[in-house]
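> Input structure: entry_3.pdb, which contains PDB, C-alpha atoms.
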```
ATOM      1  CA  MET G   1       5.863  -0.942 -14.240
ATOM      2  CA  THR G   2       6.177  -4.518 -15.431
ATOM      3  CA  PRO G   3       3.996  -6.450 -12.995
ATOM      4  CA  ASP G   4       5.397  -9.533 -11.342
ATOM      5  CA  PRO G   5       3.651 -12.539 -12.971
ATOM      6  CA  ARG G   6       2.441 -13.574  -9.497
ATOM      7  CA  ALA G   7       0.397 -10.366  -9.335
ATOM      8  CA  ARG G   8      -1.871 -11.715 -12.072
ATOM      9  CA  THR G   9      -2.871 -14.788 -10.073
ATOM     10  CA  ALA G  10      -1.996 -14.258  -6.418
ATOM     11  CA  GLY G  11      -2.648 -10.524  -6.390
ATOM     12  CA  LEU G  12      -1.062  -7.543  -4.730
ATOM     13  CA  ALA G  13      -1.130  -5.905  -1.354
ATOM     14  CA  VAL G  14      -0.905  -2.198  -2.147
ATOM     15  CA  GLY G  15       0.622  -0.035   0.551
ATOM     16  CA  VAL G  16      -0.656   3.538   0.644
ATOM     17  CA  GLY G  17       0.841   6.575   2.314
ATOM     18  CA  LEU G  18      -1.376   9.646   2.177
ATOM     19  CA  ARG G  19      -2.236  12.911   3.821
ATOM     20  CA  PRO G  20      -5.500  13.349   5.720
ATOM     21  CA  GLY G  21      -8.345  14.427   3.464
ATOM     22  CA  THR G  22      -6.948  12.846   0.293
ATOM     23  CA  PRO G  23      -9.898  12.237  -2.068
ATOM     24  CA  ALA G  24     -10.865   8.745  -3.186
ATOM     25  CA  ASP G  25     -10.548   9.659  -6.868
ATOM     26  CA  ALA G  26      -6.892  10.619  -6.378
ATOM     27  CA  ILE G  27      -6.121   7.434  -4.414
ATOM     28  CA  GLU G  28      -7.813   5.158  -6.922
ATOM     29  CA  ALA G  29      -6.116   6.915  -9.854
ATOM     30  CA  ALA G  30      -2.674   6.722  -8.205
ATOM     31  CA  VAL G  31      -3.093   3.013  -7.467
ATOM     32  CA  ARG G  32      -4.159   2.201 -11.027
ATOM     33  CA  GLU G  33      -1.471   4.444 -12.507
ATOM     34  CA  LEU G  34       1.227   2.502 -10.684
ATOM     35  CA  VAL G  35      -0.068  -1.079 -10.590
ATOM     36  CA  GLY G  36      -2.143  -1.036 -13.749
ATOM     37  CA  GLU G  37      -4.711  -3.773 -14.022
ATOM     38  CA  SER G  38      -2.913  -6.155 -11.645
ATOM     39  CA  VAL G  39      -5.202  -7.969  -9.229
ATOM     40  CA  ILE G  40      -5.379  -6.035  -5.965
ATOM     41  CA  ARG G  41      -6.298  -7.978  -2.840
ATOM     42  CA  CYS G  42      -6.063  -5.181  -0.289
ATOM     43  CA  LEU G  43      -4.934  -1.654   0.429
ATOM     44  CA  ALA G  44      -2.695  -1.328   3.474
ATOM     45  CA  THR G  45      -1.631   1.648   5.569
ATOM     46  CA  VAL G  46      -0.841   2.959   9.048
ATOM     47  CA  ASP G  47      -3.623   2.792  11.634
ATOM     48  CA  ARG G  48      -3.788   6.601  11.826
ATOM     49  CA  ARG G  49      -5.267   6.608   8.330
ATOM     50  CA  ALA G  50      -7.679   3.699   8.871
ATOM     51  CA  ASP G  51     -10.785   5.879   8.935
ATOM     52  CA  GLU G  52      -9.866   8.247   6.117
ATOM     53  CA  PRO G  53     -13.025   8.545   3.989
ATOM     54  CA  GLY G  54     -11.042   8.787   0.744
ATOM     55  CA  LEU G  55      -9.117   5.609   1.496
ATOM     56  CA  ARG G  56     -12.239   3.707   2.539
ATOM     57  CA  THR G  57     -14.114   4.841  -0.577
ATOM     58  CA  ALA G  58     -11.213   3.975  -2.896
ATOM     59  CA  ALA G  59     -10.968   0.504  -1.329
ATOM     60  CA  ALA G  60     -14.720  -0.020  -1.740
ATOM     61  CA  ARG G  61     -14.540   0.989  -5.403
ATOM     62  CA  LEU G  62     -11.651  -1.429  -5.920
ATOM     63  CA  GLY G  63     -13.599  -4.116  -4.057
ATOM     64  CA  VAL G  64     -10.888  -4.750  -1.461
ATOM     65  CA  PRO G  65     -10.453  -4.426   2.305
ATOM     66  CA  VAL G  66      -8.163  -1.944   4.035
ATOM     67  CA  ARG G  67      -5.522  -3.582   6.248
ATOM     68  CA  VAL G  68      -3.996  -1.372   8.921
ATOM     69  CA  PHE G  69      -0.874  -1.675  11.009
ATOM     70  CA  THR G  70       0.474   0.298  13.933
ATOM     71  CA  ALA G  71       3.515   2.503  13.496
ATOM     72  CA  GLU G  72       5.385   0.046  15.720
ATOM     73  CA  GLN G  73       4.520  -2.897  13.455
ATOM     74  CA  LEU G  74       5.568  -0.931  10.375
ATOM     75  CA  ALA G  75       8.820   0.227  12.006
ATOM     76  CA  ASP G  76       9.856  -3.409  12.520
ATOM     77  CA  VAL G  77       9.870  -4.065   8.753
ATOM     78  CA  ALA G  78      13.105  -3.597   6.822
ATOM     79  CA  VAL G  79      12.403  -1.561   3.680
ATOM     80  CA  PRO G  80      14.634  -0.436   0.820
ATOM     81  CA  ASN G  81      13.556   3.221   0.934
ATOM     82  CA  PRO G  82      13.108   4.475   4.511
ATOM     83  CA  SER G  83      12.204   8.124   5.055
ATOM     84  CA  MET G  84      13.439  10.211   7.970
ATOM     85  CA  ARG G  85      10.549  12.625   7.398
ATOM     86  CA  THR G  86       8.028   9.803   7.774
ATOM     87  CA  ALA G  87       9.908   8.456  10.807
ATOM     88  CA  THR G  88       9.719  11.854  12.484
ATOM     89  CA  ALA G  89       6.064  12.450  11.624
ATOM     90  CA  LEU G  90       4.638   8.969  12.236
ATOM     91  CA  GLY G  91       7.182   7.018  14.257
ATOM     92  CA  THR G  92       7.987   4.645  11.393
ATOM     93  CA  PRO G  93      10.408   5.125   8.501
ATOM     94  CA  SER G  94       7.940   3.559   6.062
ATOM     95  CA  VAL G  95       4.209   3.335   5.559
ATOM     96  CA  ALA G  96       3.584   2.203   1.977
ATOM     97  CA  GLU G  97       6.452  -0.281   1.621
ATOM     98  CA  ALA G  98       6.178  -1.731   5.120
ATOM     99  CA  ALA G  99       2.373  -2.002   4.962
ATOM    100  CA  ALA G 100       2.501  -3.769   1.583
ATOM    101  CA  LEU G 101       5.068  -6.277   2.861
ATOM    102  CA  LEU G 102       3.137  -6.979   6.069
ATOM    103  CA  ALA G 103      -0.214  -7.317   4.321
ATOM    104  CA  ALA G 104       1.154  -9.739   1.705
ATOM    105  CA  GLU G 105       3.264 -11.584   4.269
ATOM    106  CA  SER G 106       6.091 -11.153   1.786
ATOM    107  CA  ALA G 107       9.766 -10.337   1.956
ATOM    108  CA  ASP G 108       9.905  -8.756  -1.514
ATOM    109  CA  LEU G 109       8.324  -5.705  -3.039
ATOM    110  CA  THR G 110       6.851  -5.970  -6.505
ATOM    111  CA  LEU G 111       6.791  -2.184  -6.680
ATOM    112  CA  PRO G 112       9.068  -0.116  -4.411
ATOM    113  CA  LYS G 113       7.506   3.117  -3.210
ATOM    114  CA  GLN G 114       6.620   5.637  -5.861
ATOM    115  CA  ILE G 115       4.660   8.837  -5.663
ATOM    116  CA  ALA G 116       1.706   9.569  -7.902
ATOM    117  CA  ARG G 117      -0.695  12.455  -7.368
ATOM    118  CA  GLY G 118       0.963  13.185  -4.014
ATOM    119  CA  ILE G 119       0.220   9.662  -2.747
ATOM    120  CA  THR G 120       2.926   7.155  -1.918
ATOM    121  CA  ILE G 121       2.244   3.688  -3.326
ATOM    122  CA  ALA G 122       4.163   0.407  -2.962
ATOM    123  CA  ALA G 123       3.093  -3.148  -3.700
ATOM    124  CA  ALA G 124       4.015  -6.687  -2.700
ATOM    125  CA  SER G 125       2.788  -9.901  -4.294
ATOM    126  CA  PHE G 126       1.045 -12.542  -2.255
ATOM    127  CA  ALA G 127       2.731 -15.921  -2.489
ATOM    128  CA  HIS G 128      -0.500 -17.764  -3.214
ATOM    129  CA  PRO G 129      -3.870 -17.020  -4.818
ATOM    130  CA  PRO G 130      -6.755 -16.412  -2.421
ATOM    131  CA  SER G 131      -8.406 -19.565  -1.170
TER     132      SER G 131
END
```
Rewrite the structure from the file as structure tokens, please.

Amino acid sequence: MTPDPRARTAGLAVGVGLRPGTPADAIEAAVRELVGESVIRCLATVDRRADEPGLRTAAARLGVPVRVFTAEQLADVAVPNPSMRTATALGTPSVAEAAALLAAESADLTLPKQIARGITIAAASFAHPPS
């Protein structure tokens, strides 16, 4: 991936779609594999995964908060790669892409969804550096 130049200064919201019980090492490795050393400002996902120990541990290691959104909030976001399987299972056609866009308050993905280590990752750049 060639990171958007904004990712170096404003940072990324990284959307994460994962199965229950996914280990922190796998999440952290998948995130770094796909976004490299870009500045990460948060991990974002569906509220059903908010208390996943692996996600919480990965976020702590990365030094970022976890932002969560309801399936209804995620379903309201137009994404380039919706999934019928995800829509059936969770009530939203997107977790990673929609969560990244909502968390960054952005209309554009820096990284459309990709799968690494069985984890779906997408990223959106924040418009401005943290204040």
> Once the PyMOL selection byres ((chain G and resi 102) around 12) is applied to the coordinates I shared, what remains selected? I want it as a PyMOL selection string.
chain G and resi 12-15+42-46+67-70+73-79+94-101+103-109+122-126
> Take CA of Glu52 in chain G and CA of Gly91 in chain G and report the distance between them in Å, one decimal.
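Interatomic distance here is 18.9 Å.
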> What does the distance between CA of Thr110 in chain G and CA of Thr92 in chain G come to in Å, to one decimal place?
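Pair CA of Thr110 in chain G / CA of Thr92 in chain G returns 20.8 Å.
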> Between G:Leu34, G:Pro82, G:Ile121, G:Ala127, which residue has the minimum interatomic distance to Val16 in chain G, considering all atoms listed in the file?
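Among G:Leu34, G:Pro82, G:Ile121, G:Ala127, it is G:Ile121 that comes nearest to Val16 in chain G.
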> Selected by the PyMOL selection byres ((chain G and resi 24) around 12) in the shown coordinates: which residues, as a list of chain:residue names?
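Against this file, the PyMOL selection byres ((chain G and resi 24) around 12) returns the residues G:Leu18, G:Arg19, G:Pro20, G:Gly21, G:Thr22, G:Pro23, G:Asp25, G:Ala26, G:Ile27, G:Glu28, G:Ala29, G:Ala30, G:Val31, G:Glu52, G:Pro53, G:Gly54, G:Leu55, G:Arg56, G:Thr57, G:Ala58, G:Ala59, G:Ala60, G:Arg61, G:Leu62, G:Arg117, G:Ile119.
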